[in-house]
$ cat upload_31.txt   # compact mmCIF, C-alpha atoms
# COMPACT_ATOMS: atom_id res chain seq x y z
CA MET A 191 66.26 70.06 162.55
CA SER A 192 68.55 72.99 161.93
CA HIS A 193 68.05 75.38 159.07
CA ALA A 194 71.44 77.05 159.25
CA PRO A 195 72.13 79.84 156.81
CA LEU A 196 74.64 79.39 154.03
CA PRO A 197 77.55 81.80 154.50
CA ASN A 198 78.37 84.37 151.86
CA ARG A 199 80.39 82.78 149.04
CA ASP A 200 83.56 84.66 150.04
CA GLN A 201 83.13 83.73 153.73
CA ASP A 202 82.35 80.04 153.22
CA PRO A 203 85.34 78.06 154.54
CA VAL A 204 84.44 75.10 152.30
CA LEU A 205 84.64 77.26 149.18
CA VAL A 206 87.83 78.90 150.47
CA LEU A 207 89.39 75.44 150.92
CA TYR A 208 88.29 74.60 147.38
CA SER A 209 89.55 77.78 145.74
CA HIS A 210 92.80 78.25 147.65
CA TYR A 211 94.05 74.69 147.97
CA PHE A 212 92.11 72.11 145.99
CA LEU A 213 92.22 74.10 142.76
CA ALA A 214 96.01 74.33 143.19
CA ALA A 215 96.17 70.55 143.69
CA ASP A 216 93.99 70.03 140.63
CA LEU A 217 96.10 72.33 138.46
CA MET A 218 99.33 70.63 139.54
CA ARG A 219 97.84 67.17 138.97
CA ASN A 220 96.58 68.12 135.49
CA ASN A 221 100.00 69.49 134.52
CA TYR A 222 101.71 66.37 135.90
CA VAL A 223 99.34 64.10 133.94
CA LYS A 224 99.96 66.06 130.71
CA LEU A 225 103.70 65.54 131.02
CA LYS A 226 103.24 61.90 132.02
CA ASN A 227 101.18 61.37 128.85
CA LYS A 228 103.76 63.23 126.79
CA TRP A 229 106.43 60.85 128.12
CA ARG A 230 104.23 57.83 127.29
CA ASN A 231 103.56 59.09 123.76
CA HIS A 232 107.14 60.11 122.91
CA GLY A 233 109.21 57.90 125.20
CA TYR A 234 111.19 60.83 126.57
CA LEU A 235 110.91 64.29 128.10
CA SER A 236 113.25 67.23 127.79
CA GLN A 237 115.26 68.11 130.86
CA ASP A 238 112.96 71.10 131.52
CA ASP A 239 109.85 68.90 131.21
CA THR A 240 111.38 66.30 133.53
CA VAL A 241 112.04 68.96 136.16
CA ALA A 242 108.55 70.44 135.68
CA GLN A 243 106.97 66.99 135.98
CA GLY A 244 108.64 66.47 139.35
CA ILE A 245 107.53 69.90 140.56
CA TYR A 246 103.96 69.30 139.40
CA PHE A 247 103.90 65.86 140.99
CA SER A 248 105.18 66.90 144.40
CA SER A 249 103.08 70.09 144.38
CA TRP A 250 99.96 68.08 143.56
CA LEU A 251 100.49 65.74 146.49
CA GLY A 252 101.47 68.63 148.75
CA PHE A 253 98.33 70.63 147.95
CA LEU A 254 96.24 67.47 148.22
CA GLY A 255 97.69 67.02 151.71
CA VAL A 256 96.84 70.61 152.64
CA THR A 257 93.31 70.09 151.29
CA CYS A 258 92.94 66.97 153.45
CA GLU A 259 94.17 68.82 156.53
CA GLY A 260 91.69 71.64 155.88
CA TYR A 261 88.90 69.14 155.31
CA LYS A 262 89.62 67.52 158.68
CA LYS A 263 89.99 70.87 160.43
CA LEU A 264 86.57 71.95 159.17
CA LYS A 265 85.07 68.74 160.62
CA MET A 266 83.10 68.43 157.40
CA ARG A 267 80.45 65.99 158.61
CA ILE A 268 79.60 68.17 161.62
CA LEU A 269 79.67 71.30 159.47
CA LEU A 270 77.23 69.75 156.98
CA GLN A 271 74.92 68.50 159.74
CA GLY A 272 74.62 71.63 161.80
CA ASN A 273 76.02 74.61 159.93
CA ARG A 274 74.52 74.35 156.47
CA PRO A 275 70.97 74.33 155.09
CA GLU A 276 69.12 71.01 155.19
CA ALA A 277 69.79 70.23 151.51
CA PHE A 278 73.53 69.97 152.19
CA ARG A 279 73.02 66.89 154.34
CA GLU A 280 72.89 64.82 151.17
CA LEU A 281 76.68 65.31 151.08
CA ILE A 282 77.24 63.51 154.39
CA PRO A 283 77.72 60.02 152.86
CA LYS A 284 80.30 61.44 150.43
CA SER A 285 82.00 63.28 153.28
CA ASP A 286 82.13 60.08 155.34
CA GLU A 287 83.61 58.18 152.39
CA ILE A 288 86.33 60.82 151.97
CA GLY A 289 87.11 60.63 155.69
CA ARG A 290 87.56 56.85 155.50
CA VAL A 291 89.79 57.10 152.43
CA MET A 292 91.90 59.90 153.95
CA LYS A 293 92.62 57.84 157.08
CA GLN A 294 94.31 55.09 155.07
CA HIS A 295 97.47 57.09 154.36
CA SER A 296 97.03 60.54 155.94
CA ASP A 297 100.20 60.38 158.07
CA PRO A 298 102.54 59.57 155.17
CA LEU A 299 100.81 62.23 153.05
CA ARG A 300 101.30 64.79 155.85
CA GLY A 301 105.01 63.90 155.97
CA PHE A 302 105.26 64.25 152.20
CA ARG A 303 103.44 67.60 152.32
CA ASN A 304 105.74 68.89 155.05
CA ASN A 305 108.75 68.07 152.92
CA VAL A 306 107.26 69.79 149.88
CA PHE A 307 106.36 73.07 151.57
CA HIS A 308 109.11 73.29 154.21
CA LEU A 309 112.85 72.91 154.02
CA ARG A 310 113.52 69.20 153.98
CA ASP A 311 114.80 67.94 157.26
CA ASP A 312 113.61 64.38 156.64
CA ILE A 313 114.47 63.30 153.11
CA GLU A 314 113.25 59.80 153.87
CA ALA A 315 109.67 61.07 154.43
CA MET A 316 109.34 61.48 150.67
CA GLN A 317 110.56 57.93 150.15
CA ARG A 318 108.31 56.56 152.92
CA PHE A 319 105.27 57.87 151.09
CA PHE A 320 106.07 55.43 148.27
CA ALA A 321 107.22 52.56 150.50
CA ASN A 322 104.21 50.47 149.42
CA GLY A 323 104.95 50.84 145.73
CA ALA A 324 102.22 52.39 143.63
CA VAL A 325 99.50 51.75 146.24
CA ARG A 326 99.64 55.27 147.66
CA LEU A 327 99.68 56.86 144.23
CA VAL A 328 96.51 54.97 143.30
CA TRP A 329 95.09 56.01 146.69
CA ALA A 330 95.97 59.68 146.04
CA GLU A 331 94.29 59.55 142.60
CA GLY A 332 91.13 58.07 144.12
CA LEU A 333 91.13 60.55 146.98
CA HIS A 334 91.63 63.45 144.57
CA ALA A 335 88.68 62.28 142.46
CA ALA A 336 86.43 61.85 145.52
CA ILE A 337 87.28 65.32 146.83
CA ALA A 338 86.70 66.81 143.36
CA GLU A 339 83.27 65.18 143.26
CA PHE A 340 82.43 66.44 146.76
CA PHE A 341 83.37 70.02 145.89
CA SER A 342 81.41 69.82 142.64
CA MET A 343 78.31 68.64 144.49
CA TYR A 344 78.80 71.29 147.19
CA ARG A 345 79.12 74.05 144.62
CA VAL A 346 75.95 72.92 142.81
CA LEU A 347 74.04 72.99 146.11
CA CYS A 348 75.40 76.50 146.71
CA GLU A 349 74.24 77.67 143.28
CA VAL A 350 70.75 76.26 143.86
CA HIS A 351 70.63 77.92 147.28
CA TYR A 352 71.74 81.26 145.82
CA VAL A 353 68.99 81.09 143.17
CA MET A 354 66.30 80.04 145.64
CA HIS A 355 67.21 82.77 148.14
CA GLY A 356 67.73 85.78 145.86
CA ARG A 357 71.51 85.78 146.15
CA ALA A 358 72.26 85.98 142.42
CA SER A 359 75.34 88.16 143.01
CA GLU A 360 77.09 85.15 144.55
CA MET A 361 76.37 82.79 141.66
CA GLN A 362 79.07 81.36 139.44
CA MET A 363 76.72 80.04 136.76
CA GLY A 364 77.77 81.04 133.28
CA GLN A 365 81.37 81.66 134.27
CA ASN A 366 84.00 79.50 132.62
CA ARG A 367 86.05 78.88 135.76
CA PRO A 368 85.83 79.46 139.47
CA ARG A 369 87.01 82.80 140.78
CA LEU A 370 90.18 82.68 142.82
CA ARG A 371 90.15 84.74 145.97
CA LYS A 372 93.00 86.84 147.25
CA MET A 373 94.45 85.24 150.33
CA SER A 374 94.00 87.34 153.45
CA ALA A 375 97.05 88.69 155.18
CA SER A 376 96.08 87.08 158.50
$ encode --input "upload_31.txt" --output "C-alpha cells"
Amino acid sequence: MSHAPLPNRDQDPVLVLYSHYFLAADLMRNNYVKLKNKWRNHGYLSQDDTVAQGIYFSSWLGFLGVTCEGYKKLKMRILLQGNRPEAFRELIPKSDEIGRVMKQHSDPLRGFRNNVFHLRDDIEAMQRFFANGAVRLVWAEGLHAAIAEFFSMYRVLCEVHYVMHGRASEMQMGQNRPRLRKMSAS
C-alpha cells in the first residue's frame, strides 16, 4: 500500500488540467447553454448572439476534447492508485467510468478539437462528429457532467488532505471560485 504525497496545489497536474482546460470547457458550455435557452425562450437570436453561440459551442467541445486528452495522458487510474494518498483511491471507479465513456467517441472528438484549435484542413471532420445525429452531443453532455463530478470529488479530497496535513495555504475553502493559474511559458 502506497502512501504517496499529494503534490502542491500549483504542481498537481490534475488541478492544472482542471483549471487550464476543464474550466474553459465549462465556461464555454455555460455560455452556449445560456444562448440556447435564450433562443428557446424568444424564438430567435441576434446575429451577434448566433455567432457567439457557435463560438461557445465549438470552443466547449474543443476544450472538452483537450481535457479528455489530458486525462488520458495523465493515466488517471494509475495516478490515483500509485501517486496519490490512499483516500484518493475512492475516485478509481469514477475514473474508470469516465475512461469507458471517453472511448465511445474519442476519435471524432479529437478530430473536432483539431479543427477548432488549428486551421481547418478537414472541414468534414466537424460534420463527422455529428454524423450520428444528436447521439454525440448527448454523449458530450454526459461526459462533461462526469468529468465535472470527478474534479469536484478530487478537489474535496484535496481540501480535506490540506486540512489534515497543515497545508492551509493551499486551501480554496471560502473562495467563491477556483483560482486560475498563469500558463507556463514552456
$ residues_around --input "upload_31.txt" --residues "Gly252 in chain A" --least-positions-apart "3" --cutoff "10 Å" --atoms "only C-alpha atoms" --output "list in words"
Tyr211, Ala214, Ala215, Met218, Tyr246, Phe247, Ser248, Ser249, Gly255, Val256, Thr257, Cys258, Leu299, Arg300, Gly301, Phe302, Arg303, Asn304, Asn305, Val306 and Phe307 of chain A
$ atom_distance --input "upload_31.txt" --atom1 "CA of Tyr344 in chain A" --atom2 "CA of Phe278 in chain A"
7.4 Å
$ closest_residue --input "upload_31.txt" --among "A:Arg199, A:Lys265, A:His334, A:His351" --to "Leu251 in chain A" --atoms "all atoms listed in the file"
A:His334
$ residues_near_point --input "upload_31.txt" --point "(74.2, 78.2, 141.6)" --cutoff "12 Å" --atoms "all atoms listed in the file" --output "JSON, numbers by chain"
{"A": [199, 342, 343, 344, 345, 346, 347, 348, 349, 350, 351, 352, 353, 354, 355, 356, 357, 358, 359, 360, 361, 362, 363, 364, 365, 368]}
$ write_last_selection --input "upload_31.txt" --atoms "C-alpha atoms" --output "PDB file, in the coordinates of the input"
ATOM      1  CA  ARG A 199      80.390  82.780 149.040  1.00  0.00           C
ATOM      2  CA  SER A 342      81.410  69.820 142.640  1.00  0.00           C
ATOM      3  CA  MET A 343      78.310  68.640 144.490  1.00  0.00           C
ATOM      4  CA  TYR A 344      78.800  71.290 147.190  1.00  0.00           C
ATOM      5  CA  ARG A 345      79.120  74.050 144.620  1.00  0.00           C
ATOM      6  CA  VAL A 346      75.950  72.920 142.810  1.00  0.00           C
ATOM      7  CA  LEU A 347      74.040  72.990 146.110  1.00  0.00           C
ATOM      8  CA  CYS A 348      75.400  76.500 146.710  1.00  0.00           C
ATOM      9  CA  GLU A 349      74.240  77.670 143.280  1.00  0.00           C
ATOM     10  CA  VAL A 350      70.750  76.260 143.860  1.00  0.00           C
ATOM     11  CA  HIS A 351      70.630  77.920 147.280  1.00  0.00           C
ATOM     12  CA  TYR A 352      71.740  81.260 145.820  1.00  0.00           C
ATOM     13  CA  VAL A 353      68.990  81.090 143.170  1.00  0.00           C
ATOM     14  CA  MET A 354      66.300  80.040 145.640  1.00  0.00           C
ATOM     15  CA  HIS A 355      67.210  82.770 148.140  1.00  0.00           C
ATOM     16  CA  GLY A 356      67.730  85.780 145.860  1.00  0.00           C
ATOM     17  CA  ARG A 357      71.510  85.780 146.150  1.00  0.00           C
ATOM     18  CA  ALA A 358      72.260  85.980 142.420  1.00  0.00           C
ATOM     19  CA  SER A 359      75.340  88.160 143.010  1.00  0.00           C
ATOM     20  CA  GLU A 360      77.090  85.150 144.550  1.00  0.00           C
ATOM     21  CA  MET A 361      76.370  82.790 141.660  1.00  0.00           C
ATOM     22  CA  GLN A 362      79.070  81.360 139.440  1.00  0.00           C
ATOM     23  CA  MET A 363      76.720  80.040 136.760  1.00  0.00           C
ATOM     24  CA  GLY A 364      77.770  81.040 133.280  1.00  0.00           C
ATOM     25  CA  GLN A 365      81.370  81.660 134.270  1.00  0.00           C
ATOM     26  CA  PRO A 368      85.830  79.460 139.470  1.00  0.00           C
TER      27      PRO A 368
END
$ atom_distance --input "upload_31.txt" --atom1 "CA of Phe340 in chain A" --atom2 "CA of Tyr222 in chain A"
22.1 Å
$ atom_distance --input "upload_31.txt" --atom1 "CA of Ala336 in chain A" --atom2 "CA of Tyr208 in chain A"
13.0 Å
$ axis_aligned_box --input "upload_31.txt" --around "range 236-251 of chain A" --padding-each-side "4 Å" --output "AutoDock Vina command-line options"
--center_x 107.6 --center_y 68.4 --center_z 137.1 --size_x 23.3 --size_y 13.4 --size_z 26.7
$ closest_residue --input "upload_31.txt" --among "A:Val206, A:Leu213, A:Ala321, A:Met266" --to "Glu287 in chain A" --atoms "only C-alpha atoms"
A:Met266
$ residues_near_point --input "upload_31.txt" --point "(86.4, 69.0, 159.4)" --cutoff "12 Å" --atoms "all atoms listed in the file" --output "PyMOL selection string"
chain A and resi 203-204+207+257-271+273+282+285-286+288-289+292
$ residues_around --input "upload_31.txt" --residues "range 225-228 of chain A" --least-positions-apart "3" --cutoff "9 Å" --atoms "only C-alpha atoms" --output "VMD selection string"
chain A and resid 220 to 222 231 to 235 239 to 240 242 to 243
$ closest_residue --input "upload_31.txt" --among "A:Arg219, A:Lys224, A:His210, A:Arg290" --to "Leu327 in chain A" --atoms "all atoms listed in the file"
A:Arg219
$ closest_residue --input "upload_31.txt" --among "A:Glu314, A:Asp297, A:Glu339, A:Asp202" --to "Leu281 in chain A" --atoms "only C-alpha atoms"
A:Glu339
